[in-house]
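Student: First the structure, which I've put down as structure tokens, then a few questions once you've had a look.
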Amino acid sequence: MRHIPVDTSGATVMVAKAPQPKVRDRRTGEIATDAETGAKLMTVDVMFAANDEVEILSVTVPEPGISGDLAMGTPAALTGLIARPWENEFNGQKRHGIAFRAVAVTALATTGTGSKAA
């Protein structure tokens, strides 16, 4: 499967939603694990701002790669971010998208900044 490295050097990244366990099977509640290391996988939603565009990305990260207080609004760094296109068929309907995965998500501040709206 094709892996596309994502350059984060010119981007602003902030946590949009704190890390949550990645669910492999919604019916059973089974948590996804990394095929190589067996580490529990987590999902972190981040605001990714670059080139005058902002998107919310759901990034999968092995649990040991999560460091610092990743509360909503916390500036963060994404290490080893890749994009991976996917496509599947379920009940005769084709679906496709882009999955994001990083080696690590690191808080760039000691605490979440919270809302600054006036």
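Going by the structure tokens order, chains are called A, B, ..., each with residues numbered from 1, while ligands are numbered from 1 in the order shown.
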Go through region 60-84 of chain A and flag each residue having an atom no more than 9 Å from region 21-36 of chain A; for those, report the closest pair of atoms plus their distance in Å to one decimal, using only C-alpha atoms, ordered by chain and rising number, as JSON lines.

Tutor:
```
{"residue": "A:Thr60", "atom": "CA", "partner": "A:Lys22", "partner_atom": "CA", "distance": 7.5}
{"residue": "A:Pro62", "atom": "CA", "partner": "A:Asp34", "partner_atom": "CA", "distance": 6.8}
{"residue": "A:Glu63", "atom": "CA", "partner": "A:Pro21", "partner_atom": "CA", "distance": 8.5}
```

Student: Using only C-alpha atoms, determine which residues lie at most 12 Å from region 86-101 of chain A, disregarding the query and same-chain residues fewer than 5 positions distant; provide the list as an MDAnalysis selection string.

Tutor: chainID A and resid 1:6 22 34 41:46 48 56:62 65 78:81

Student: Could you take the residues named above and write them with N, CA and C atoms, as a PDB file, in the first residue's frame?

Tutor:
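part-v3.pdb written:
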```
ATOM      1  N   MET A   1       0.840  -1.170   0.000  1.00  0.00           N
ATOM      2  CA  MET A   1       0.000   0.000   0.000  1.00  0.00           C
ATOM      3  C   MET A   1       0.888   1.237   0.000  1.00  0.00           C
ATOM      4  N   ARG A   2       0.471   2.252  -0.692  1.00  0.00           N
ATOM      5  CA  ARG A   2       1.252   3.469  -0.835  1.00  0.00           C
ATOM      6  C   ARG A   2       1.187   4.330   0.427  1.00  0.00           C
ATOM      7  N   HIS A   3       2.350   4.799   0.881  1.00  0.00           N
ATOM      8  CA  HIS A   3       2.455   5.701   2.023  1.00  0.00           C
ATOM      9  C   HIS A   3       3.048   7.010   1.520  1.00  0.00           C
ATOM     10  N   ILE A   4       2.393   8.124   1.795  1.00  0.00           N
ATOM     11  CA  ILE A   4       2.839   9.422   1.316  1.00  0.00           C
ATOM     12  C   ILE A   4       3.289  10.246   2.516  1.00  0.00           C
ATOM     13  N   PRO A   5       4.585  10.606   2.598  1.00  0.00           N
ATOM     14  CA  PRO A   5       5.048  11.421   3.718  1.00  0.00           C
ATOM     15  C   PRO A   5       4.420  12.811   3.645  1.00  0.00           C
ATOM     16  N   VAL A   6       4.044  13.355   4.806  1.00  0.00           N
ATOM     17  CA  VAL A   6       3.437  14.681   4.879  1.00  0.00           C
ATOM     18  C   VAL A   6       4.415  15.629   5.553  1.00  0.00           C
ATOM     19  N   LYS A  22      -8.256   3.663  19.573  1.00  0.00           N
ATOM     20  CA  LYS A  22      -8.797   3.378  18.238  1.00  0.00           C
ATOM     21  C   LYS A  22      -9.536   2.038  18.303  1.00  0.00           C
ATOM     22  N   ASP A  34      -1.004  -2.154  16.983  1.00  0.00           N
ATOM     23  CA  ASP A  34      -0.009  -2.064  15.925  1.00  0.00           C
ATOM     24  C   ASP A  34       0.421  -3.474  15.540  1.00  0.00           C
ATOM     25  N   LEU A  41      -3.297   1.251  19.704  1.00  0.00           N
ATOM     26  CA  LEU A  41      -3.362   2.411  18.821  1.00  0.00           C
ATOM     27  C   LEU A  41      -4.356   3.424  19.373  1.00  0.00           C
ATOM     28  N   MET A  42      -3.994   4.682  19.232  1.00  0.00           N
ATOM     29  CA  MET A  42      -4.825   5.787  19.677  1.00  0.00           C
ATOM     30  C   MET A  42      -5.154   6.674  18.485  1.00  0.00           C
ATOM     31  N   THR A  43      -6.245   7.423  18.594  1.00  0.00           N
ATOM     32  CA  THR A  43      -6.613   8.400  17.576  1.00  0.00           C
ATOM     33  C   THR A  43      -6.600   9.774  18.225  1.00  0.00           C
ATOM     34  N   VAL A  44      -5.905  10.709  17.590  1.00  0.00           N
ATOM     35  CA  VAL A  44      -5.851  12.089  18.048  1.00  0.00           C
ATOM     36  C   VAL A  44      -6.372  12.961  16.915  1.00  0.00           C
ATOM     37  N   ASP A  45      -7.402  13.757  17.171  1.00  0.00           N
ATOM     38  CA  ASP A  45      -7.892  14.702  16.175  1.00  0.00           C
ATOM     39  C   ASP A  45      -7.104  15.988  16.332  1.00  0.00           C
ATOM     40  N   VAL A  46      -6.533  16.471  15.209  1.00  0.00           N
ATOM     41  CA  VAL A  46      -5.741  17.700  15.245  1.00  0.00           C
ATOM     42  C   VAL A  46      -6.244  18.681  14.194  1.00  0.00           C
ATOM     43  N   PHE A  48      -5.025  21.047  11.498  1.00  0.00           N
ATOM     44  CA  PHE A  48      -3.815  21.142  10.682  1.00  0.00           C
ATOM     45  C   PHE A  48      -3.990  22.338   9.762  1.00  0.00           C
ATOM     46  N   ILE A  56      -9.415  19.375   9.940  1.00  0.00           N
ATOM     47  CA  ILE A  56      -9.318  18.522  11.123  1.00  0.00           C
ATOM     48  C   ILE A  56      -8.932  17.132  10.621  1.00  0.00           C
ATOM     49  N   LEU A  57      -7.809  16.623  11.107  1.00  0.00           N
ATOM     50  CA  LEU A  57      -7.331  15.300  10.725  1.00  0.00           C
ATOM     51  C   LEU A  57      -7.424  14.369  11.921  1.00  0.00           C
ATOM     52  N   SER A  58      -7.873  13.153  11.696  1.00  0.00           N
ATOM     53  CA  SER A  58      -7.807  12.107  12.707  1.00  0.00           C
ATOM     54  C   SER A  58      -6.536  11.321  12.442  1.00  0.00           C
ATOM     55  N   VAL A  59      -5.615  11.373  13.380  1.00  0.00           N
ATOM     56  CA  VAL A  59      -4.303  10.755  13.210  1.00  0.00           C
ATOM     57  C   VAL A  59      -4.192   9.557  14.147  1.00  0.00           C
ATOM     58  N   THR A  60      -3.810   8.405  13.594  1.00  0.00           N
ATOM     59  CA  THR A  60      -3.578   7.203  14.390  1.00  0.00           C
ATOM     60  C   THR A  60      -2.125   7.202  14.852  1.00  0.00           C
ATOM     61  N   VAL A  61      -1.941   6.931  16.159  1.00  0.00           N
ATOM     62  CA  VAL A  61      -0.610   6.948  16.767  1.00  0.00           C
ATOM     63  C   VAL A  61      -0.512   5.803  17.762  1.00  0.00           C
ATOM     64  N   PRO A  62       0.623   5.071  17.785  1.00  0.00           N
ATOM     65  CA  PRO A  62       0.793   4.067  18.839  1.00  0.00           C
ATOM     66  C   PRO A  62       0.825   4.762  20.201  1.00  0.00           C
ATOM     67  N   GLY A  65       3.757   6.666  21.572  1.00  0.00           N
ATOM     68  CA  GLY A  65       4.131   7.876  20.842  1.00  0.00           C
ATOM     69  C   GLY A  65       3.387   9.123  21.279  1.00  0.00           C
ATOM     70  N   LEU A  78       3.752  16.711  15.061  1.00  0.00           N
ATOM     71  CA  LEU A  78       3.498  15.374  14.514  1.00  0.00           C
ATOM     72  C   LEU A  78       4.801  14.842  13.937  1.00  0.00           C
ATOM     73  N   THR A  79       5.282  13.745  14.459  1.00  0.00           N
ATOM     74  CA  THR A  79       6.520  13.133  13.983  1.00  0.00           C
ATOM     75  C   THR A  79       6.187  11.984  13.044  1.00  0.00           C
ATOM     76  N   GLY A  80       6.815  11.973  11.877  1.00  0.00           N
ATOM     77  CA  GLY A  80       6.647  10.868  10.930  1.00  0.00           C
ATOM     78  C   GLY A  80       5.237  10.744  10.385  1.00  0.00           C
ATOM     79  N   LEU A  81       4.568  11.865  10.109  1.00  0.00           N
ATOM     80  CA  LEU A  81       3.196  11.818   9.597  1.00  0.00           C
ATOM     81  C   LEU A  81       3.176  11.317   8.153  1.00  0.00           C
TER      82      LEU A  81
END
```

Student: Quick one: distance from CA of Ala11 (chain A) to CA of Ala49 (chain A) in Å, one decimal?

Tutor: 5.4 Å

Student: Any idea what the distance is between CA of Pro19 (chain A) and CA of Gly68 (chain A)?

Tutor: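 For CA of Pro19 (chain A) relative to CA of Gly68 (chain A), the distance reads 11.2 Å.
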
Student: So the first atom is CA of Ile66 (chain A) and the second is CA of Val13 (chain A); what is the distance between them in Å, to one decimal place?

Tutor: 14.6 Å

Student: Pick from A:Gly38, A:Gly10, A:Arg84, A:Pro75: nearest to Ala107 (chain A), with only C-alpha atoms counted?

Tutor: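 Smallest distance to Ala107 (chain A) is found for A:Pro75.
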
Student: Between A:Thr37, A:Gln20, A:Thr106, A:Thr8, which one has atoms that come closest to Ile82 (chain A), using only C-alpha atoms?

Tutor: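 When distances to Ile82 (chain A) are compared using only C-alpha atoms, the smallest one comes from A:Thr8.
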
Student: Could you find all residues in chain A that DSSP calls strand (DSSP E or B) from the backbone, and write them as a VMD selection string?

Tutor: chain A and resid 4 to 5 12 to 21 23 to 25 30 to 31 33 40 to 50 53 to 62 66 to 67 75 to 79 82 to 90 93 to 101 104 to 107
